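With TSV, C-alpha atoms inside, this is input.tsv:
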```tsv
chain	number	residue	atom	x	y	z
A	787	MET	CA	0.00	0.00	0.00
A	788	SER	CA	1.39	3.40	-0.95
A	789	SER	CA	1.69	6.15	1.64
A	790	ILE	CA	-1.25	8.17	0.37
A	791	ASP	CA	-3.66	5.24	0.69
A	792	GLN	CA	-3.21	5.35	4.45
A	793	ALA	CA	-5.25	8.57	4.53
A	794	GLY	CA	-8.37	6.77	3.31
A	795	THR	CA	-11.03	8.11	0.94
A	796	TYR	CA	-14.16	10.24	1.08
A	797	LEU	CA	-16.90	11.27	-1.31
A	798	LEU	CA	-16.62	14.58	-3.13
A	799	GLY	CA	-20.06	14.77	-4.64
A	800	ASP	CA	-20.40	11.32	-6.17
A	801	ARG	CA	-16.66	10.90	-6.72
A	802	SER	CA	-14.52	8.98	-4.24
A	803	VAL	CA	-11.16	10.69	-3.72
A	804	ARG	CA	-8.18	10.07	-1.48
A	805	ARG	CA	-8.30	12.36	1.53
A	806	LEU	CA	-4.83	13.72	0.81
A	807	GLY	CA	-4.77	15.71	-2.42
A	808	TYR	CA	-2.89	18.62	-3.93
A	809	GLY	CA	-3.56	22.36	-4.15
A	810	ALA	CA	-2.14	24.01	-7.29
A	811	MET	CA	-2.19	27.67	-6.15
A	812	GLN	CA	1.55	27.84	-5.48
A	813	LEU	CA	2.37	26.87	-9.06
A	814	ALA	CA	1.62	30.42	-10.21
A	815	GLY	CA	4.09	33.27	-9.77
A	816	PRO	CA	4.59	35.43	-6.65
A	817	GLY	CA	1.30	36.60	-5.18
A	818	VAL	CA	-0.47	33.90	-7.21
A	819	PHE	CA	0.07	36.13	-10.23
A	820	GLY	CA	1.89	35.50	-13.47
A	821	PRO	CA	3.80	32.42	-14.61
A	822	PRO	CA	6.06	30.30	-12.42
A	823	LYS	CA	9.78	30.99	-12.36
A	824	ASP	CA	10.42	27.42	-13.49
A	825	PRO	CA	7.57	26.04	-15.63
A	826	ALA	CA	9.31	22.68	-16.05
A	827	ALA	CA	9.46	22.25	-12.28
A	828	ALA	CA	5.74	23.08	-12.00
A	829	LEU	CA	4.88	20.43	-14.59
A	830	ALA	CA	7.07	17.92	-12.74
A	831	VAL	CA	5.21	18.54	-9.47
A	832	LEU	CA	1.85	17.86	-11.10
A	833	ARG	CA	3.06	14.67	-12.76
A	834	GLU	CA	4.70	13.45	-9.55
A	835	ALA	CA	1.49	14.11	-7.62
A	836	LEU	CA	-0.43	11.73	-9.87
A	837	ALA	CA	2.41	9.21	-9.82
A	838	LEU	CA	2.18	9.16	-6.01
A	839	GLY	CA	-1.57	8.51	-6.08
A	840	VAL	CA	-3.13	11.97	-5.84
A	841	ASP	CA	-6.59	11.92	-7.44
A	842	HIS	CA	-7.89	15.30	-6.20
A	843	ILE	CA	-6.36	18.54	-7.48
A	844	ASP	CA	-7.64	21.94	-6.36
A	845	THR	CA	-7.17	24.90	-8.71
A	846	SER	CA	-8.78	28.07	-10.07
A	847	ASP	CA	-8.62	30.00	-13.29
A	848	PHE	CA	-7.99	33.17	-11.25
A	849	TYR	CA	-4.67	31.71	-10.09
A	850	GLY	CA	-2.28	33.45	-12.44
A	851	PRO	CA	-4.84	34.16	-13.90
A	852	HIS	CA	-5.16	31.07	-16.13
A	853	VAL	CA	-1.65	29.88	-15.22
A	854	THR	CA	-2.37	26.89	-12.99
A	855	ASN	CA	-5.15	25.52	-15.19
A	856	GLN	CA	-2.95	25.75	-18.28
A	857	LEU	CA	-0.12	23.99	-16.43
A	858	ILE	CA	-2.49	21.24	-15.31
A	859	ARG	CA	-3.66	20.74	-18.87
A	860	GLU	CA	-0.11	20.67	-20.24
A	861	ALA	CA	1.10	18.24	-17.59
A	862	LEU	CA	-1.82	15.85	-17.26
A	863	HIS	CA	-4.22	16.03	-20.22
A	864	PRO	CA	-5.83	13.70	-21.22
A	865	TYR	CA	-6.79	13.16	-17.60
A	866	PRO	CA	-7.14	9.73	-16.00
A	867	ASP	CA	-10.75	8.81	-15.22
A	868	ALA	CA	-10.01	8.70	-11.48
A	869	LEU	CA	-8.74	12.28	-11.30
A	870	THR	CA	-11.10	14.87	-9.83
A	871	ILE	CA	-10.23	18.50	-10.57
A	872	VAL	CA	-11.91	21.09	-8.36
A	873	THR	CA	-11.89	24.71	-9.45
A	874	LYS	CA	-13.07	27.95	-7.88
A	875	ILE	CA	-14.93	31.00	-9.21
A	876	GLY	CA	-16.42	34.21	-7.83
A	877	ALA	CA	-13.37	36.45	-8.22
A	878	ARG	CA	-11.13	37.79	-10.96
A	879	ARG	CA	-7.73	39.48	-11.22
A	880	ASP	CA	-6.92	42.82	-12.76
A	881	ALA	CA	-3.64	43.88	-14.39
A	882	GLN	CA	-2.31	45.03	-11.01
A	883	ALA	CA	-2.95	41.57	-9.46
A	884	ASN	CA	-5.87	42.80	-7.33
A	885	TRP	CA	-8.58	40.32	-6.34
A	886	LEU	CA	-11.95	41.64	-7.51
A	887	LEU	CA	-15.51	40.45	-7.06
A	888	ALA	CA	-16.96	38.59	-10.07
A	889	ASP	CA	-20.25	37.02	-9.01
A	890	THR	CA	-22.91	38.12	-11.48
A	891	ALA	CA	-24.57	35.42	-13.55
A	892	GLN	CA	-22.71	36.61	-16.64
A	893	GLU	CA	-19.34	36.68	-14.84
A	894	LEU	CA	-19.87	33.23	-13.35
A	895	GLU	CA	-20.78	31.74	-16.72
A	896	GLN	CA	-17.70	33.36	-18.28
A	897	ALA	CA	-15.55	31.93	-15.47
A	898	VAL	CA	-16.96	28.44	-16.05
A	899	HIS	CA	-16.19	28.67	-19.77
A	900	ASP	CA	-12.67	29.97	-19.01
A	901	ASN	CA	-12.07	26.96	-16.75
A	902	LEU	CA	-13.47	24.55	-19.32
A	903	ARG	CA	-11.22	25.97	-22.04
A	904	ASN	CA	-8.03	26.21	-20.01
A	905	LEU	CA	-8.44	22.76	-18.44
A	906	GLY	CA	-9.46	21.24	-21.75
A	907	VAL	CA	-12.65	19.54	-20.55
A	908	ASP	CA	-16.33	19.54	-21.54
A	909	VAL	CA	-17.66	19.55	-17.97
A	910	LEU	CA	-16.14	20.63	-14.66
A	911	ASP	CA	-16.07	17.98	-11.91
A	912	VAL	CA	-16.57	20.40	-9.01
A	913	VAL	CA	-16.87	24.20	-8.96
A	914	ASN	CA	-16.49	26.04	-5.67
A	915	PHE	CA	-18.13	29.43	-5.40
A	916	ARG	CA	-15.95	31.69	-3.26
A	917	SER	CA	-17.87	34.31	-1.32
A	918	MET	CA	-16.21	37.73	-1.60
A	919	ILE	CA	-18.48	39.55	0.84
A	920	ASP	CA	-15.30	39.88	2.89
A	921	VAL	CA	-12.14	38.83	1.09
A	922	HIS	CA	-10.37	38.17	4.40
A	923	GLY	CA	-12.82	35.66	5.86
A	924	PRO	CA	-16.43	34.47	6.04
A	925	ALA	CA	-19.04	37.22	6.45
A	926	GLU	CA	-22.82	36.97	6.56
A	927	GLY	CA	-24.83	37.91	3.50
A	928	SER	CA	-27.06	36.24	0.95
A	929	LEU	CA	-25.49	34.03	-1.72
A	930	GLU	CA	-28.82	33.25	-3.37
A	931	ALA	CA	-28.18	35.03	-6.68
A	932	PRO	CA	-24.77	33.50	-7.54
A	933	LEU	CA	-25.75	30.04	-6.32
A	934	THR	CA	-28.96	30.15	-8.36
A	935	ALA	CA	-26.82	31.01	-11.39
A	936	LEU	CA	-24.53	28.05	-10.66
A	937	ALA	CA	-27.54	25.75	-10.25
A	938	GLU	CA	-28.59	26.75	-13.79
A	939	LEU	CA	-25.09	26.05	-15.15
A	940	LYS	CA	-25.24	22.66	-13.42
A	941	GLN	CA	-28.61	21.93	-15.05
A	942	ARG	CA	-27.06	22.79	-18.42
A	943	GLY	CA	-24.42	20.12	-17.86
A	944	LEU	CA	-21.39	22.41	-17.58
A	945	ILE	CA	-20.80	21.52	-13.90
A	946	ARG	CA	-21.22	18.19	-12.13
A	947	HIS	CA	-21.02	19.38	-8.54
A	948	VAL	CA	-20.98	22.69	-6.68
A	949	GLY	CA	-19.13	23.60	-3.50
A	950	ILE	CA	-18.84	26.84	-1.54
A	951	SER	CA	-15.87	28.64	-0.01
A	952	ASN	CA	-15.22	31.37	2.57
A	953	VAL	CA	-18.69	30.90	4.05
A	954	THR	CA	-20.61	30.78	7.32
A	955	MET	CA	-22.89	28.00	8.54
A	956	THR	CA	-25.91	30.17	7.73
A	957	GLN	CA	-24.69	30.42	4.14
A	958	VAL	CA	-24.12	26.65	4.01
A	959	GLU	CA	-27.74	26.13	5.04
A	960	GLN	CA	-28.92	28.66	2.46
A	961	ALA	CA	-26.86	27.00	-0.26
A	962	ARG	CA	-28.29	23.57	0.52
A	963	ARG	CA	-31.80	24.92	-0.03
A	964	ILE	CA	-30.78	25.96	-3.54
A	965	LEU	CA	-28.67	23.00	-4.71
A	966	PRO	CA	-26.69	20.02	-3.35
A	967	VAL	CA	-23.41	21.13	-1.76
A	968	ALA	CA	-20.47	18.81	-2.52
A	969	CYS	CA	-17.95	20.48	-0.23
A	970	VAL	CA	-17.13	23.51	1.89
A	971	GLN	CA	-13.70	25.11	1.60
A	972	ASN	CA	-12.70	27.46	4.44
A	973	MET	CA	-9.57	28.40	6.35
A	974	TYR	CA	-9.05	25.93	9.20
A	975	ASN	CA	-6.00	24.63	11.02
A	976	LEU	CA	-4.63	23.91	14.48
A	977	ALA	CA	-4.52	27.60	15.36
A	978	HIS	CA	-7.83	28.58	13.73
A	979	ARG	CA	-10.61	26.29	14.93
A	980	GLY	CA	-13.66	28.46	14.28
A	981	ASP	CA	-15.26	25.86	12.00
A	982	ASP	CA	-15.22	22.98	14.49
A	983	ALA	CA	-19.02	22.87	14.78
A	984	MET	CA	-19.43	23.24	11.01
A	985	ILE	CA	-17.05	20.34	10.30
A	986	ASP	CA	-18.99	18.06	12.64
A	987	ALA	CA	-22.34	19.09	11.14
A	988	LEU	CA	-21.10	18.50	7.59
A	989	ALA	CA	-19.68	15.11	8.59
A	990	ARG	CA	-23.09	14.03	9.86
A	991	ASP	CA	-24.53	14.85	6.44
A	992	GLY	CA	-21.69	13.30	4.41
A	993	ILE	CA	-20.37	16.59	3.03
A	994	ALA	CA	-16.63	17.07	2.53
A	995	TYR	CA	-14.77	19.90	4.28
A	996	VAL	CA	-11.61	21.16	2.58
A	997	PRO	CA	-9.40	23.36	4.81
A	998	PHE	CA	-6.91	25.75	3.28
A	999	PHE	CA	-3.80	27.32	4.85
A	1000	PRO	CA	-3.00	24.31	7.09
A	1001	LEU	CA	-0.06	26.29	8.53
A	1002	GLY	CA	-1.49	29.79	8.14
A	1003	GLY	CA	-1.63	32.35	10.93
A	1004	PHE	CA	0.32	30.62	13.69
A	1005	SER	CA	1.77	32.82	16.43
A	1006	PRO	CA	5.45	32.27	17.37
A	1007	LEU	CA	4.34	30.49	20.55
A	1008	GLN	CA	2.00	28.20	18.64
A	1009	SER	CA	4.68	27.48	16.05
A	1010	ASP	CA	7.10	26.52	18.82
A	1011	ALA	CA	4.54	24.14	20.31
A	1012	LEU	CA	3.90	22.54	16.91
A	1013	SER	CA	7.63	22.18	16.27
A	1014	GLN	CA	8.07	20.46	19.63
A	1015	VAL	CA	5.37	17.89	18.83
A	1016	ALA	CA	6.88	17.39	15.38
A	1017	GLU	CA	10.31	16.75	16.88
A	1018	GLU	CA	8.86	14.18	19.27
A	1019	CYS	CA	7.07	12.48	16.35
A	1020	GLY	CA	10.15	12.50	14.11
A	1021	ALA	CA	8.26	14.49	11.51
A	1022	THR	CA	8.12	18.01	10.08
A	1023	PRO	CA	5.64	20.60	11.43
A	1024	MET	CA	3.79	20.50	8.09
A	1025	GLN	CA	3.47	16.72	8.27
A	1026	VAL	CA	2.09	16.94	11.80
A	1027	ALA	CA	-0.38	19.67	10.81
A	1028	ILE	CA	-1.61	17.54	7.90
A	1029	ALA	CA	-1.84	14.40	10.03
A	1030	TRP	CA	-3.82	16.29	12.68
A	1031	LEU	CA	-6.33	17.43	10.05
A	1032	LEU	CA	-6.70	13.88	8.72
A	1033	GLN	CA	-7.37	12.59	12.23
A	1034	ARG	CA	-9.67	15.50	13.13
A	1035	SER	CA	-12.65	14.20	11.11
A	1036	PRO	CA	-13.19	11.65	8.32
A	1037	ASN	CA	-14.85	14.22	6.04
A	1038	ILE	CA	-11.77	16.47	5.92
A	1039	LEU	CA	-9.91	16.49	2.60
A	1040	VAL	CA	-6.45	18.06	2.81
A	1041	ILE	CA	-4.91	19.80	-0.23
A	1042	PRO	CA	-1.43	21.05	0.74
A	1043	GLY	CA	0.22	23.04	-2.02
A	1044	THR	CA	3.85	23.30	-3.05
A	1045	SER	CA	5.95	24.09	-6.10
A	1046	SER	CA	8.65	21.56	-5.08
A	1047	VAL	CA	8.69	17.84	-5.83
A	1048	ALA	CA	10.64	17.21	-2.61
A	1049	HIS	CA	8.08	19.09	-0.51
A	1050	LEU	CA	5.24	17.31	-2.32
A	1051	ARG	CA	6.67	13.93	-1.36
A	1052	GLU	CA	7.21	15.11	2.20
A	1053	ASN	CA	3.62	16.36	2.49
A	1054	LEU	CA	2.13	13.15	1.13
A	1055	GLU	CA	4.17	11.10	3.58
A	1056	ALA	CA	2.00	12.63	6.31
A	1057	ALA	CA	-0.56	9.96	5.43
A	1058	ASP	CA	1.71	7.45	7.20
A	1059	LEU	CA	1.88	9.51	10.40
A	1060	ARG	CA	-0.48	8.39	13.14
A	1061	LEU	CA	-0.52	10.83	16.05
A	1062	SER	CA	-0.72	9.44	19.59
A	1063	GLU	CA	-3.31	10.57	22.11
A	1064	ASP	CA	-0.60	12.55	23.93
A	1065	ALA	CA	0.39	14.27	20.70
A	1066	LEU	CA	-3.24	15.05	19.87
A	1067	THR	CA	-3.77	16.54	23.33
A	1068	ALA	CA	-0.70	18.74	22.95
A	1069	LEU	CA	-1.81	19.84	19.51
A	1070	ASP	CA	-5.37	20.58	20.63
A	1071	ASN	CA	-3.93	22.88	23.28
A	1072	ILE	CA	-2.32	24.95	20.50
A	1073	GLY	CA	-5.76	26.06	19.42
A	1074	GLN	CA	-6.36	27.42	22.91
A	1075	VAL	CA	-3.16	29.49	23.06
```
Take the structure I supplied and represent it as structure tokens, if you would.
Amino acid sequence: MSSIDQAGTYLLGDRSVRRLGYGAMQLAGPGVFGPPKDPAAALAVLREALALGVDHIDTSDFYGPHVTNQLIREALHPYPDALTIVTKIGARRDAQANWLLADTAQELEQAVHDNLRNLGVDVLDVVNFRSMIDVHGPAEGSLEAPLTALAELKQRGLIRHVGISNVTMTQVEQARRILPVACVQNMYNLAHRGDDAMIDALARDGIAYVPFFPLGGFSPLQSDALSQVAEECGATPMQVAIAWLLQRSPNILVIPGTSSVAHLRENLEAADLRLSEDALTALDNIGQV
């Protein structure tokens, strides 16, 4: 059994994926804008991810923009049947690399067609709508109009499944009244545990939760505590953070990103790491610091 199989699988819509996948955001240039410094290295990372068993890649056409999707197509097309590519819409980039709202029905349809073209597919496996009510984090507000537009695109056969990102539990409930929700993608890690109740509620209903920034926003004290646990486990802090997420709940799908083949292999090896009760207790205390 390869390392990644140890993480198990979970349903993303109607597609079974390994719980340890890959996030392509870091393949774009600095600030997720422009091309990578080394395109050949970016292609190598994508090919190595599939070789190591990754069957869930997270991307967006506003990474670059267009850069990561075009790299994915160049590296992996035609795609294996088992590969699930999840993209994200709801924003766009201007020439100065700013992140701008793009959530009208016309803008969302254009974004879907851009993703279809740049990925080289006829239908998108999963499309996450990213709420931009507050770019820095979830904020209350109705998502009815954009989600209704996505439901229509789904009915037209351009999208198989829809997820939502940067959202509150109230917005999850609203979304589920409009269309089936395949996944929720929010910031969540050892130091930022605000979605604990949401994760448990989604797990009860069989909905995947996809955390981003698994090492984002740690204070120096929290980083020291994580490093100490990692040293005791004989692992890297990133591996421990990934392993903790995998053990947190069976519906969590982890998509660590990197532009390095060596770091990719290191991240995927986290599937082999089983944290002890003592380690879990120490790590849970980080969230309280």
Discussion item. Quick check, in Å to one decimal: how far apart do CA of Tyr808 in chain A and CA of Asp844 in chain A lie?
Written reply: 6.3 Å
Worksheet entry | Of the listed residues A:Gly815, A:Gly820, A:Gly794, A:Gly1003, that which approaches Ser1035 in chain A most closely, counting only C-alpha atoms | A:Gly794
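As for CA of Ile790 in chain A and CA of Leu838 in chain A, they are spaced 7.3 Å apart.
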Can you write out as a Markdown table which residues of range 913-1005 of chain A fall within 7 Å of range 796-803 of chain A, alongside each residue's closest atom pair and its distance in Å to one decimal, counting only C-alpha atoms and ordering rows by chain and ascending residue number?
```
| residue | atom | partner | partner_atom | distance |
| --- | --- | --- | --- | --- |
| A:His947 | CA | A:Gly799 | CA | 6.1 |
| A:Ala968 | CA | A:Gly799 | CA | 4.6 |
| A:Cys969 | CA | A:Leu798 | CA | 6.7 |
| A:Ala994 | CA | A:Leu798 | CA | 6.2 |
```
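Counting only C-alpha atoms and comparing A:His899, A:Arg963, A:Arg916, A:His852, the residue that lies closest to Glu930 in chain A is A:Arg963.
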Discussion item. Give me the residues near Val853 in chain A as a PyMOL selection string, where near means some atom within 8 Å (using only C-alpha atoms) and where sequence neighbours in that chain fewer than 4 positions away do not count.
Written reply: chain A and resi 813-814+820-821+847+849+857
Okay, now the selection with C-alpha atoms, as a PDB file, in the frame of the given file?
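out_13.pdb, written as the output of this step:
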```pdb
ATOM      1  CA  LEU A 813       2.370  26.870  -9.060  1.00  0.00           C
ATOM      2  CA  ALA A 814       1.620  30.420 -10.210  1.00  0.00           C
ATOM      3  CA  GLY A 820       1.890  35.500 -13.470  1.00  0.00           C
ATOM      4  CA  PRO A 821       3.800  32.420 -14.610  1.00  0.00           C
ATOM      5  CA  ASP A 847      -8.620  30.000 -13.290  1.00  0.00           C
ATOM      6  CA  TYR A 849      -4.670  31.710 -10.090  1.00  0.00           C
ATOM      7  CA  LEU A 857      -0.120  23.990 -16.430  1.00  0.00           C
TER       8      LEU A 857
END
```
Fill in: Nearest to Thr1067 in chain A by atom-to-atom distance, counting all atoms listed in the file, from A:Ile945, A:Val912, A:Leu886, A:Leu976
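Of A:Ile945, A:Val912, A:Leu886, A:Leu976, the one nearest Thr1067 in chain A, counting all atoms listed in the file, is A:Leu976.
Of the listed residues A:Val840, A:Val907, A:Val970, A:Ala1021, the one whose atoms come nearest to Tyr865 in chain A is A:Val907, with distances taken using all atoms listed in the file.
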Any chance you could turn range 921-1013 of chain A into a file with C-alpha atoms, as a JSON list (two decimals), in the first residue's frame?
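That gives us result25.json:
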```json
[["chain", "number", "residue", "atom", "x", "y", "z"],
["A", 921, "VAL", "CA", -12.14, 38.83, 1.09],
["A", 922, "HIS", "CA", -10.37, 38.17, 4.40],
["A", 923, "GLY", "CA", -12.82, 35.66, 5.86],
["A", 924, "PRO", "CA", -16.43, 34.47, 6.04],
["A", 925, "ALA", "CA", -19.04, 37.22, 6.45],
["A", 926, "GLU", "CA", -22.82, 36.97, 6.56],
["A", 927, "GLY", "CA", -24.83, 37.91, 3.50],
["A", 928, "SER", "CA", -27.06, 36.24, 0.95],
["A", 929, "LEU", "CA", -25.49, 34.03, -1.72],
["A", 930, "GLU", "CA", -28.82, 33.25, -3.37],
["A", 931, "ALA", "CA", -28.18, 35.03, -6.68],
["A", 932, "PRO", "CA", -24.77, 33.50, -7.54],
["A", 933, "LEU", "CA", -25.75, 30.04, -6.32],
["A", 934, "THR", "CA", -28.96, 30.15, -8.36],
["A", 935, "ALA", "CA", -26.82, 31.01, -11.39],
["A", 936, "LEU", "CA", -24.53, 28.05, -10.66],
["A", 937, "ALA", "CA", -27.54, 25.75, -10.25],
["A", 938, "GLU", "CA", -28.59, 26.75, -13.79],
["A", 939, "LEU", "CA", -25.09, 26.05, -15.15],
["A", 940, "LYS", "CA", -25.24, 22.66, -13.42],
["A", 941, "GLN", "CA", -28.61, 21.93, -15.05],
["A", 942, "ARG", "CA", -27.06, 22.79, -18.42],
["A", 943, "GLY", "CA", -24.42, 20.12, -17.86],
["A", 944, "LEU", "CA", -21.39, 22.41, -17.58],
["A", 945, "ILE", "CA", -20.80, 21.52, -13.90],
["A", 946, "ARG", "CA", -21.22, 18.19, -12.13],
["A", 947, "HIS", "CA", -21.02, 19.38, -8.54],
["A", 948, "VAL", "CA", -20.98, 22.69, -6.68],
["A", 949, "GLY", "CA", -19.13, 23.60, -3.50],
["A", 950, "ILE", "CA", -18.84, 26.84, -1.54],
["A", 951, "SER", "CA", -15.87, 28.64, -0.01],
["A", 952, "ASN", "CA", -15.22, 31.37, 2.57],
["A", 953, "VAL", "CA", -18.69, 30.90, 4.05],
["A", 954, "THR", "CA", -20.61, 30.78, 7.32],
["A", 955, "MET", "CA", -22.89, 28.00, 8.54],
["A", 956, "THR", "CA", -25.91, 30.17, 7.73],
["A", 957, "GLN", "CA", -24.69, 30.42, 4.14],
["A", 958, "VAL", "CA", -24.12, 26.65, 4.01],
["A", 959, "GLU", "CA", -27.74, 26.13, 5.04],
["A", 960, "GLN", "CA", -28.92, 28.66, 2.46],
["A", 961, "ALA", "CA", -26.86, 27.00, -0.26],
["A", 962, "ARG", "CA", -28.29, 23.57, 0.52],
["A", 963, "ARG", "CA", -31.80, 24.92, -0.03],
["A", 964, "ILE", "CA", -30.78, 25.96, -3.54],
["A", 965, "LEU", "CA", -28.67, 23.00, -4.71],
["A", 966, "PRO", "CA", -26.69, 20.02, -3.35],
["A", 967, "VAL", "CA", -23.41, 21.13, -1.76],
["A", 968, "ALA", "CA", -20.47, 18.81, -2.52],
["A", 969, "CYS", "CA", -17.95, 20.48, -0.23],
["A", 970, "VAL", "CA", -17.13, 23.51, 1.89],
["A", 971, "GLN", "CA", -13.70, 25.11, 1.60],
["A", 972, "ASN", "CA", -12.70, 27.46, 4.44],
["A", 973, "MET", "CA", -9.57, 28.40, 6.35],
["A", 974, "TYR", "CA", -9.05, 25.93, 9.20],
["A", 975, "ASN", "CA", -6.00, 24.63, 11.02],
["A", 976, "LEU", "CA", -4.63, 23.91, 14.48],
["A", 977, "ALA", "CA", -4.52, 27.60, 15.36],
["A", 978, "HIS", "CA", -7.83, 28.58, 13.73],
["A", 979, "ARG", "CA", -10.61, 26.29, 14.93],
["A", 980, "GLY", "CA", -13.66, 28.46, 14.28],
["A", 981, "ASP", "CA", -15.26, 25.86, 12.00],
["A", 982, "ASP", "CA", -15.22, 22.98, 14.49],
["A", 983, "ALA", "CA", -19.02, 22.87, 14.78],
["A", 984, "MET", "CA", -19.43, 23.24, 11.01],
["A", 985, "ILE", "CA", -17.05, 20.34, 10.30],
["A", 986, "ASP", "CA", -18.99, 18.06, 12.64],
["A", 987, "ALA", "CA", -22.34, 19.09, 11.14],
["A", 988, "LEU", "CA", -21.10, 18.50, 7.59],
["A", 989, "ALA", "CA", -19.68, 15.11, 8.59],
["A", 990, "ARG", "CA", -23.09, 14.03, 9.86],
["A", 991, "ASP", "CA", -24.53, 14.85, 6.44],
["A", 992, "GLY", "CA", -21.69, 13.30, 4.41],
["A", 993, "ILE", "CA", -20.37, 16.59, 3.03],
["A", 994, "ALA", "CA", -16.63, 17.07, 2.53],
["A", 995, "TYR", "CA", -14.77, 19.90, 4.28],
["A", 996, "VAL", "CA", -11.61, 21.16, 2.58],
["A", 997, "PRO", "CA", -9.40, 23.36, 4.81],
["A", 998, "PHE", "CA", -6.91, 25.75, 3.28],
["A", 999, "PHE", "CA", -3.80, 27.32, 4.85],
["A", 1000, "PRO", "CA", -3.00, 24.31, 7.09],
["A", 1001, "LEU", "CA", -0.06, 26.29, 8.53],
["A", 1002, "GLY", "CA", -1.49, 29.79, 8.14],
["A", 1003, "GLY", "CA", -1.63, 32.35, 10.93],
["A", 1004, "PHE", "CA", 0.32, 30.62, 13.69],
["A", 1005, "SER", "CA", 1.77, 32.82, 16.43],
["A", 1006, "PRO", "CA", 5.45, 32.27, 17.37],
["A", 1007, "LEU", "CA", 4.34, 30.49, 20.55],
["A", 1008, "GLN", "CA", 2.00, 28.20, 18.64],
["A", 1009, "SER", "CA", 4.68, 27.48, 16.05],
["A", 1010, "ASP", "CA", 7.10, 26.52, 18.82],
["A", 1011, "ALA", "CA", 4.54, 24.14, 20.31],
["A", 1012, "LEU", "CA", 3.90, 22.54, 16.91],
["A", 1013, "SER", "CA", 7.63, 22.18, 16.27]]
```
